[in-house]
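To keep things clear, I will list the structure first and then write my remarks on it.
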Amino acid sequence: MVTLIEPNKTYTACPFSNLVLSGDRKLTEQQFSYDSLRSLGIDLLPTRAVDVDPAKRQVRTADGGVISYDRLIMAPGIAIDWQALPGYDEQAAGSLPHAWQAGAQTTLLRDMLTSMPDGGLVVISVPEAPYRCPPGPYERASLIASYFKRTKPRAKILILDAQDSFSKKPLFLQGWSKIYGSMIEWQGASDGARVVTVDPSTRRLQTDFDTITADVANVIPPQRAGQIAARAGVADRSGWCPIDPLTFESRLQADIHVIGDAAIANAMPKSAFAANAQARLCAVQVARLLRGERPTATKLINTCYSLISPDYGISVAGVYRPTPDIWSEVEGAGGISDLDAPMTTRRLEADYARQWFANLTNQVFG
């Protein structure tokens, strides 16, 4: 029997949530129901898993239920590390939204952007990796700029990055210059742009060398695996979950498999595409293990689309293979969009991104 434990009747997807910030998509268009999965024989429990007892092989739910398992597949997702950035806690997120978990935070940031006066400054703080969706902060800056170009042409966006490099950096920098001119400014770790403390009451962000006051501050804080990962004993001191590359089985707890953003999948990014690929392979491997068969070594791919504007898309692709210790990238098997590509190609990639999202959500939710 397959049991899916999900706390809500609808799931709010993070991919494409930046289009909500730009006003090009409604939050309701990001919400999907699990109801169609019942027809596949999946027992859907509308509750929340709150604890796991690996010794007893049991999951405890928020409604007081206890579910026994032979093998458990966990997708804990991410949790915000509220202790990692001085000044930033759950209360601070009410004035300095992270919007890194789609839903109420997305709406809050969107409302702040729409009410900001023309000529205002938006500051986006980017943490050191790893975090969910590596190119997400830069797509976010792009689509906020798309909204500003239409409605607040004197506004500015400043990205304070704890890193010197990021996914598709040359493509983003090129697109920003081509479409938005000087509206977006990026500063990296070598510029002293790492945010070390924040003051929610004044919207001030302190970097290694400067203090910046924002009209709207989007603080993307450091992250770790969702809280239940620690309670299940599958997260290590890094806050993330080490796994066996072949089967996604936890290296810390037998018969528990961890997929998605919470897993340490090495070269594989914490992306929706990667999580979906991991889920499919993990299901195959668990089925084989339950039948007493050996797991099979299989390559996985990841394609990550980003929108610099609603009709300007770029992408990166990679192929990954399991080794005894890690997921490693197959050299020469991936690549990024051509820097010299014409606008017709950029428009096509934006269309491909939408088609990918439609296909993904159809596969997951039916």
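By convention in this document, the chains of the structure tokens carry letters A, B, ... by their order, each chain's residues are numbered from 1, and ligands are numbered from 1 in the order they are shown.
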Practice prompt. Among the residues of segment 125-285 of chain A, find those DSSP assigns to strand (DSSP E) from the backbone and print them as a ChimeraX atom specification.
Written response: /A:125-126,156-161,184-187,195-199,204-207,211-213,216-219,223-225,241-242,256-258,263-264
Just to be explicit: take each residue in the selection above, keep C-alpha atoms, and write the result as a CSV table (one decimal), in the first residue's frame.
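So the final result, stored in result-v4.csv, reads:
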chain,number,residue,atom,x,y,z
A,125,SER,CA,19.7,39.3,0.0
A,126,VAL,CA,21.1,36.0,-1.3
A,156,LYS,CA,16.1,50.2,-8.5
A,157,ILE,CA,17.0,46.6,-7.5
A,158,LEU,CA,20.1,45.8,-5.6
A,159,ILE,CA,21.2,42.2,-5.1
A,160,LEU,CA,23.5,41.6,-2.2
A,161,ASP,CA,25.0,38.2,-2.8
A,184,ILE,CA,19.4,45.9,-11.5
A,185,GLU,CA,22.7,46.0,-9.7
A,186,TRP,CA,24.4,42.9,-8.5
A,187,GLN,CA,27.2,42.8,-5.9
A,195,VAL,CA,24.6,40.4,4.5
A,196,VAL,CA,25.7,39.8,8.1
A,197,THR,CA,22.8,41.3,10.1
A,198,VAL,CA,19.4,42.9,9.5
A,199,ASP,CA,17.2,45.4,11.3
A,204,ARG,CA,18.5,48.1,7.1
A,205,LEU,CA,20.8,45.4,5.9
A,206,GLN,CA,24.4,45.4,7.2
A,207,THR,CA,27.0,43.9,4.9
A,211,THR,CA,24.7,49.6,5.6
A,212,ILE,CA,21.8,49.8,3.1
A,213,THR,CA,18.3,50.9,3.8
A,216,VAL,CA,11.4,46.8,0.2
A,217,ALA,CA,13.8,44.1,1.5
A,218,ASN,CA,13.5,40.5,0.3
A,219,VAL,CA,15.8,38.6,2.7
A,223,GLN,CA,18.1,27.1,4.9
A,224,ARG,CA,18.2,23.5,6.0
A,225,ALA,CA,16.1,20.4,5.6
A,241,CYS,CA,20.2,14.7,4.6
A,242,PRO,CA,23.0,12.5,3.4
A,256,ILE,CA,14.1,5.7,5.1
A,257,HIS,CA,14.6,7.4,1.7
A,258,VAL,CA,15.0,11.1,1.3
A,263,ALA,CA,18.6,15.5,0.3
A,264,ILE,CA,22.4,16.0,-0.2
Item to complete: Quick one: pick out all helix (DSSP H, G or I) residues within segment 127-345 of chain A from a backbone DSSP run and write them as an MDAnalysis selection string.
Response: chainID A and resid 136:151 169:180 189:191 227:232 260:262 272:290 343:345
Worksheet item: What lies within 12 Å of Gly239 of chain A using only C-alpha atoms, ignoring chain neighbours under 6 positions off, as a list in words?
Response: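 In the requested form, the answer reads Pro76, Gly77, Ile78, Ala79, Ile80, Asp81, Ala84, Pro130, Tyr131, Pro222, Gln223, Arg224, Ala225, Gly226, Gln227, Ile228, Ala229, Ala230, Arg231, Gly233, Asp261, Ala262, Ala263 and Ile264 of chain A.
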Go ahead and save the residues from that selection, with C-alpha atoms, as a CSV table (one decimal), in the first residue's frame.
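result_35.csv was written with the following content:
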chain,number,residue,atom,x,y,z
A,76,PRO,CA,10.9,17.2,4.0
A,77,GLY,CA,11.5,20.2,1.8
A,78,ILE,CA,13.3,23.1,3.4
A,79,ALA,CA,13.0,25.0,6.6
A,80,ILE,CA,14.3,28.6,7.2
A,81,ASP,CA,17.3,28.6,9.5
A,84,ALA,CA,21.7,31.8,11.0
A,130,PRO,CA,23.1,25.4,-0.6
A,131,TYR,CA,19.5,26.7,-0.8
A,222,PRO,CA,20.1,30.4,5.0
A,223,GLN,CA,18.1,27.1,4.9
A,224,ARG,CA,18.2,23.5,6.0
A,225,ALA,CA,16.1,20.4,5.6
A,226,GLY,CA,12.5,20.6,6.9
A,227,GLN,CA,12.1,20.1,10.7
A,228,ILE,CA,10.8,16.6,10.5
A,229,ALA,CA,14.2,15.5,9.0
A,230,ALA,CA,15.9,16.2,12.2
A,231,ARG,CA,13.2,14.5,14.2
A,233,GLY,CA,17.3,11.4,12.5
A,261,ASP,CA,15.5,19.7,-1.6
A,262,ALA,CA,16.3,18.2,1.7
A,263,ALA,CA,18.6,15.5,0.3
A,264,ILE,CA,22.4,16.0,-0.2
Practice prompt. Fewer than 4 positions away in the same chain doesn't count, so skip those; otherwise give me all residues within 12 Å of Leu173 of chain A, counting only C-alpha atoms, as a list of chain:residue names.
Written response: A:Tyr138, A:Glu139, A:Ala141, A:Ser142, A:Ser165, A:Phe166, A:Ser167, A:Lys168, A:Lys169, A:Ser177, A:Lys178, A:Ile179, A:Tyr180, A:Gly181, A:Ser182, A:Met183, A:Ile184, A:Glu185, A:Trp186, A:Gln187, A:Ile308, A:Ile314, A:Leu339
